[in-house]
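> Please read through the structure below; I'll follow up with questions.
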Amino acid sequence: MSRNSATIRLTVAVAAVAALAGLTACSAKPISKAGSTDQPAQTIVLQMPDGSDPDGLYLAQDITRLSHGALKVTIDSKTYASQSPASEARLTAAVRTGQVGFAYQPARDWAAVGVPGFQALTAPFAVTTVAASQRVAASPVAAAVLGQVTGYGAVGLGLIAGEPRQILSVRPLFAPAQFAGQKIRIPDTPQSAALVTALGARPVPGLASNRVTSPLRTGSVTAVETSPFYVWENGYQTAAPYLTSYGVFSKFETLVAGQHAWAALSPADQAAIKQAVVDTRANSGQLASREALELTRLCQQGVVLDQPTAAQLGVLARDAAAVTPAGAAAAAIDRQIRALPGTGVQPYATGVPAGCRVAGDAATATAIHQVLTPAVAHQGGGTIPPGTYVTTDTVADWRAGGNYGDDWNKAITYTTVIRADGTLRETQAPDYPDQGPVSGHYVVKGDEVTFFVSQPTGNWSATEKVRWSYFDGQLTFAIVDVGDSSSRVIYTAHPWRKIG
């Protein structure tokens with residue numbers, strides 16, 4: 001439920017108008033680094049397709065801090081929203097033509113337009129673990145690939161490690177033959193399509209990321225290229241419980257600027273942005289712990305990690321070699337990448353949390369999943385048991401969900417009373433004047449529930465939809481449509497325990 005007014009959330013807001021794609025001047029005149037007020041603040045509209053990316057949110061906040069108010073960063077996550085498959089290609093084109101001044105977007109977008117270094121960086125099985133991704137981002141490889149963007153009409157400013165891409169499937173996938181005929185939803189990129197085809201499966205492009213769960217249930221899609229963060233965010237685990245232990249692609253985010261937008265900044269402001277990239281790369285050092293939290297939550301809902309034998313994984317990698325990027329420039333970057341420790345094919349994308357189970361074959365994976373999701377578990381339908389529910393979200397939970405600032409530097413306990421008449425009331429401790437208590441009503445439809453909530457004092461309201469299940473005194477949610485980043489944490493970080 002939306003517990004945050006715009007004034008207490010991360011100070012970077014969602015842009016309302018796409019026309020602010022470059023740099024615009026604000027009327028406010030904050031004190032400059034020199035102590036004067038003679039220079040108006042400049043607003044950078046940062047296009048960020050995935051508005052919930054924790055490191056992107058951190059970057060935006062850090063730029064404002066380091067510039068001492070000379071730069072104000074506004075995030076637009078709507079114009080080129082990641083849910084729309086065609087958005088990433090549109091965004092890259094807009095940066096190159098100068099329509100967009102600044103973008104925080106996946107590296108695969110630049111691979112798709114032909115940048116050889118990014119093609120090598122995002123090649124199948126080149127960089128497949130969290131540790132290797134962070135090593136690459138801190139190495140000379142980052143400067144080399146970012147430098148190539150100049151030849152494509154942009155300025156490459158930063159490379160930030162993300163979660164490697166894995167395959168989540170309806171049925172376990174171990175041996176190469178099990179990939180034959182699979183219908184795998186992919187981002188709309190040539191490399192993803194080529195890999196899936198090379199493995200004998202059929203790529204399914206053009207499907208919005210928040211519209212995948214239903215096709216997984218009906219069988220028109222049988223697997224999805226994804227990572228734990230997006231599995232949880234979109235609720236894929238409710239329809240597809242088998243996740244490859246290994247990564248197939250790297251996932252990096254890039255900070256890029258249009259050439260004119262970058263040149264329009266002062267040297268001091270350029271330096272602030274460059275330092276913010278360094279800080280954000282350090283912040284991404286939390287990636288492994290964030291992914292461990294996400295995996296733990298997924299495993300609590302029955303997800304099983306599928307680890308093939310070394311021989312099976314080796315065959316998959318050999319099949320994927322058919323789509324290795326060609327050309328001397330890509331080959332040179334590939335050699336630099338492979339010289340770094342931990343790159344190449346690896347059995348695990350990240351560490352396995354204590355609460356997760358690993359299977360070595362399809363029969364074992366199926367058996368583990370059945371044990372983790374007993375038939376007596378309530379999987380939605382009917383009504384949510386009325387009563388009082390409690391959940392506590394820690395600082396680590398807030399950080400994992402991309403929430404930073406004074407309001408997220410402490411654990412918060414939420415107590416929600418769900419009544420049989422369809423109404424609810426929620427309080428929190430500690431509280432803030434414009435947050436609690438929250439009241440409203442809810443409507444259950446099958447395994448989905450829509451909450452209609454408001455906080456009169458804070459003058460905000462929200463409508464949020466989640467998928468629910470109840471078992472052994474715990475209410476568990478998966479996101480269907482929840483816009484607020486802190487609300488996502490409250491719903492999904494931990495089950496809500498029924499205490500009365």
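Going by the structure tokens order, chains are called A, B, ..., each with residues numbered from 1, while ligands are numbered from 1 in the order shown.
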Could you list, as number ranges by chain, every residue within 7 Å of stretch 262-273 of chain A, counting only C-alpha atoms and ignoring same-chain residues fewer than 6 positions away?

A: 63, 66-67

> DSSP on the backbone: which residues in stretch 119-242 of chain A end up as helix (DSSP H, G or I)? Give the answer as a CSV table (one decimal) with C-alpha atoms, in the first residue's frame.


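Final output, result_30.csv:
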chain,number,residue,atom,x,y,z
A,119,GLN,CA,28.1,-6.9,-28.0
A,120,ALA,CA,31.1,-8.7,-26.4
A,121,LEU,CA,30.0,-7.7,-22.9
A,130,VAL,CA,27.4,-11.1,-9.8
A,131,ALA,CA,31.1,-11.1,-8.7
A,132,ALA,CA,32.3,-11.2,-12.3
A,133,SER,CA,29.9,-8.4,-13.3
A,134,GLN,CA,31.2,-6.2,-10.5
A,135,ARG,CA,34.8,-7.0,-11.4
A,136,VAL,CA,34.2,-6.1,-15.1
A,137,ALA,CA,32.5,-2.8,-14.1
A,140,PRO,CA,39.5,-1.1,-17.8
A,141,VAL,CA,36.9,-3.0,-19.8
A,142,ALA,CA,34.3,-0.5,-18.7
A,143,ALA,CA,36.1,2.5,-20.0
A,144,ALA,CA,36.9,0.7,-23.3
A,145,VAL,CA,33.3,-0.2,-24.0
A,146,LEU,CA,31.9,3.2,-22.9
A,147,GLY,CA,34.4,4.9,-25.1
A,148,GLN,CA,33.0,3.2,-28.2
A,149,VAL,CA,29.6,4.9,-27.6
A,150,THR,CA,31.1,8.2,-28.9
A,151,GLY,CA,31.1,6.8,-32.4
A,152,TYR,CA,27.3,6.3,-32.1
A,176,PRO,CA,20.1,-29.3,-23.8
A,177,ALA,CA,17.3,-31.5,-25.3
A,178,GLN,CA,14.9,-30.1,-22.7
A,179,PHE,CA,15.2,-26.7,-24.3
A,190,PRO,CA,19.0,-9.7,-31.4
A,191,GLN,CA,21.4,-11.5,-29.0
A,192,SER,CA,18.6,-12.9,-26.8
A,193,ALA,CA,16.7,-14.1,-29.9
A,194,ALA,CA,19.8,-15.7,-31.4
A,195,LEU,CA,20.7,-17.5,-28.1
A,196,VAL,CA,17.2,-18.9,-27.6
A,197,THR,CA,17.2,-20.1,-31.2
A,198,ALA,CA,20.6,-21.7,-30.9
A,209,SER,CA,7.3,-7.8,-18.9
A,210,ASN,CA,4.3,-7.2,-16.7
A,211,ARG,CA,2.1,-9.4,-19.0
A,213,THR,CA,2.5,-14.4,-15.9
A,214,SER,CA,-0.8,-15.2,-17.6
A,215,PRO,CA,0.9,-16.7,-20.7
A,216,LEU,CA,3.1,-18.8,-18.4
A,217,ARG,CA,-0.1,-20.2,-16.8
A,218,THR,CA,-1.8,-20.9,-20.2
A,228,PRO,CA,15.4,-12.7,-9.4
A,229,PHE,CA,14.6,-9.0,-9.0
A,230,TYR,CA,12.2,-9.1,-11.9
A,231,VAL,CA,10.8,-12.5,-11.1
A,232,TRP,CA,9.7,-11.2,-7.8
A,233,GLU,CA,8.6,-7.8,-9.1
A,234,ASN,CA,6.3,-9.4,-11.7
A,236,TYR,CA,6.5,-14.9,-12.3
A,237,GLN,CA,7.2,-17.5,-9.5
A,238,THR,CA,3.5,-18.1,-9.1

> Would you mind listing what lies within 7 Å of stretch 438-449 of chain A as a ChimeraX atom specification, with only C-alpha atoms counted and same-chain residues fewer than 3 positions away left out?

/A:379-383,422-427,452-455,465-468

> Report as a VMD selection string all protein, DNA and RNA residues lying within 9 Å of stretch 103-111 of chain A, evaluated on only C-alpha atoms, omitting residues in the same chain fewer than 5 positions from it.

chain A and resid 45 to 50 56 88 to 89 91 to 92 95 116 to 122 149 158 to 159 189 to 191 250 to 258

> Between A:Thr309, A:Thr388, A:Asn403, A:Thr364, single out the one closest to A:Arg419, counting only C-alpha atoms.

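That would be A:Thr388, the residue with the smallest distance to A:Arg419.
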
> For the strand (DSSP E) assignment from backbone DSSP, which residues of stretch 223-341 of chain A qualify? Please present them as a ChimeraX atom specification.

/A:223-226,242-244,252-258,304-306

> What lies within 12 Å of A:Glu294 using only C-alpha atoms, ignoring chain neighbours under 2 positions off, as a PDB file with C-alpha atoms, in the first residue's frame?


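The resulting file, around11.pdb, is shown below:
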ATOM      1  CA  GLU A 163      21.896  -9.282 -11.813  1.00  0.00           C
ATOM      2  CA  SER A 227      16.613 -12.370 -12.993  1.00  0.00           C
ATOM      3  CA  PRO A 228      15.429 -12.720  -9.373  1.00  0.00           C
ATOM      4  CA  PHE A 229      14.588  -9.016  -8.981  1.00  0.00           C
ATOM      5  CA  TYR A 230      12.212  -9.073 -11.935  1.00  0.00           C
ATOM      6  CA  VAL A 231      10.809 -12.506 -11.117  1.00  0.00           C
ATOM      7  CA  TRP A 232       9.667 -11.183  -7.766  1.00  0.00           C
ATOM      8  CA  GLU A 233       8.589  -7.787  -9.074  1.00  0.00           C
ATOM      9  CA  GLY A 235       5.176 -12.415  -9.720  1.00  0.00           C
ATOM     10  CA  GLN A 237       7.223 -17.472  -9.548  1.00  0.00           C
ATOM     11  CA  LEU A 287      24.025  -6.487  -5.272  1.00  0.00           C
ATOM     12  CA  ALA A 288      24.886  -9.953  -3.954  1.00  0.00           C
ATOM     13  CA  SER A 289      23.100  -9.347  -0.653  1.00  0.00           C
ATOM     14  CA  ARG A 290      20.092  -7.855  -2.430  1.00  0.00           C
ATOM     15  CA  GLU A 291      19.871 -10.854  -4.729  1.00  0.00           C
ATOM     16  CA  ALA A 292      20.202 -13.209  -1.766  1.00  0.00           C
ATOM     17  CA  THR A 296      15.208 -16.299  -0.305  1.00  0.00           C
ATOM     18  CA  ARG A 297      11.745 -14.830  -0.870  1.00  0.00           C
ATOM     19  CA  LEU A 298      11.347 -16.770  -4.109  1.00  0.00           C
ATOM     20  CA  CYS A 299      12.443 -20.031  -2.517  1.00  0.00           C
ATOM     21  CA  GLN A 300       9.937 -19.482   0.280  1.00  0.00           C
ATOM     22  CA  GLN A 301       7.287 -19.565  -2.436  1.00  0.00           C
ATOM     23  CA  VAL A 303      11.171 -21.796  -6.461  1.00  0.00           C
ATOM     24  CA  THR A 350      25.325 -15.866  -7.285  1.00  0.00           C
ATOM     25  CA  GLY A 351      25.574 -17.581  -3.914  1.00  0.00           C
ATOM     26  CA  VAL A 352      22.786 -19.914  -2.854  1.00  0.00           C
ATOM     27  CA  PRO A 353      20.957 -18.639   0.253  1.00  0.00           C
ATOM     28  CA  GLY A 355      16.732 -21.261   2.490  1.00  0.00           C
ATOM     29  CA  CYS A 356      17.007 -22.318  -1.155  1.00  0.00           C
ATOM     30  CA  ALA A 396      18.343  -3.878   4.125  1.00  0.00           C
ATOM     31  CA  ASP A 397      14.833  -4.465   2.774  1.00  0.00           C
ATOM     32  CA  ALA A 400      16.994  -3.761  -1.790  1.00  0.00           C
ATOM     33  CA  GLY A 401      13.813  -2.068  -2.975  1.00  0.00           C
ATOM     34  CA  VAL A 489       8.840  -3.755  -0.174  1.00  0.00           C
ATOM     35  CA  THR A 492       6.942  -8.639  -0.641  1.00  0.00           C
ATOM     36  CA  ALA A 493       9.929  -8.388   1.713  1.00  0.00           C
ATOM     37  CA  HIS A 494       8.395 -10.754   4.279  1.00  0.00           C
TER      38      HIS A 494
END

> Name the closest residue to A:Arg96 among the candidates A:Thr324, A:Gln259, A:Thr394, A:Thr128; distances are taken between atoms, counting only C-alpha atoms.

A:Gln259

> A:Gly181, A:Pro187, A:Gly387, A:Gly483: which is nearest A:Ala208, counting only C-alpha atoms?

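Using only C-alpha atoms, A:Ala208 sits closest to A:Pro187.
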
> One decimal, in Å: what's the spacing between atom CA of A:Val345 and atom CA of A:Phe125?

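The value is 5.3 Å.
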
> Between atom CA of A:Phe477 and atom CA of A:Tyr491, measure the distance and give it in Å to one decimal.

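Between atom CA of A:Phe477 and atom CA of A:Tyr491 the gap works out to 5.9 Å.
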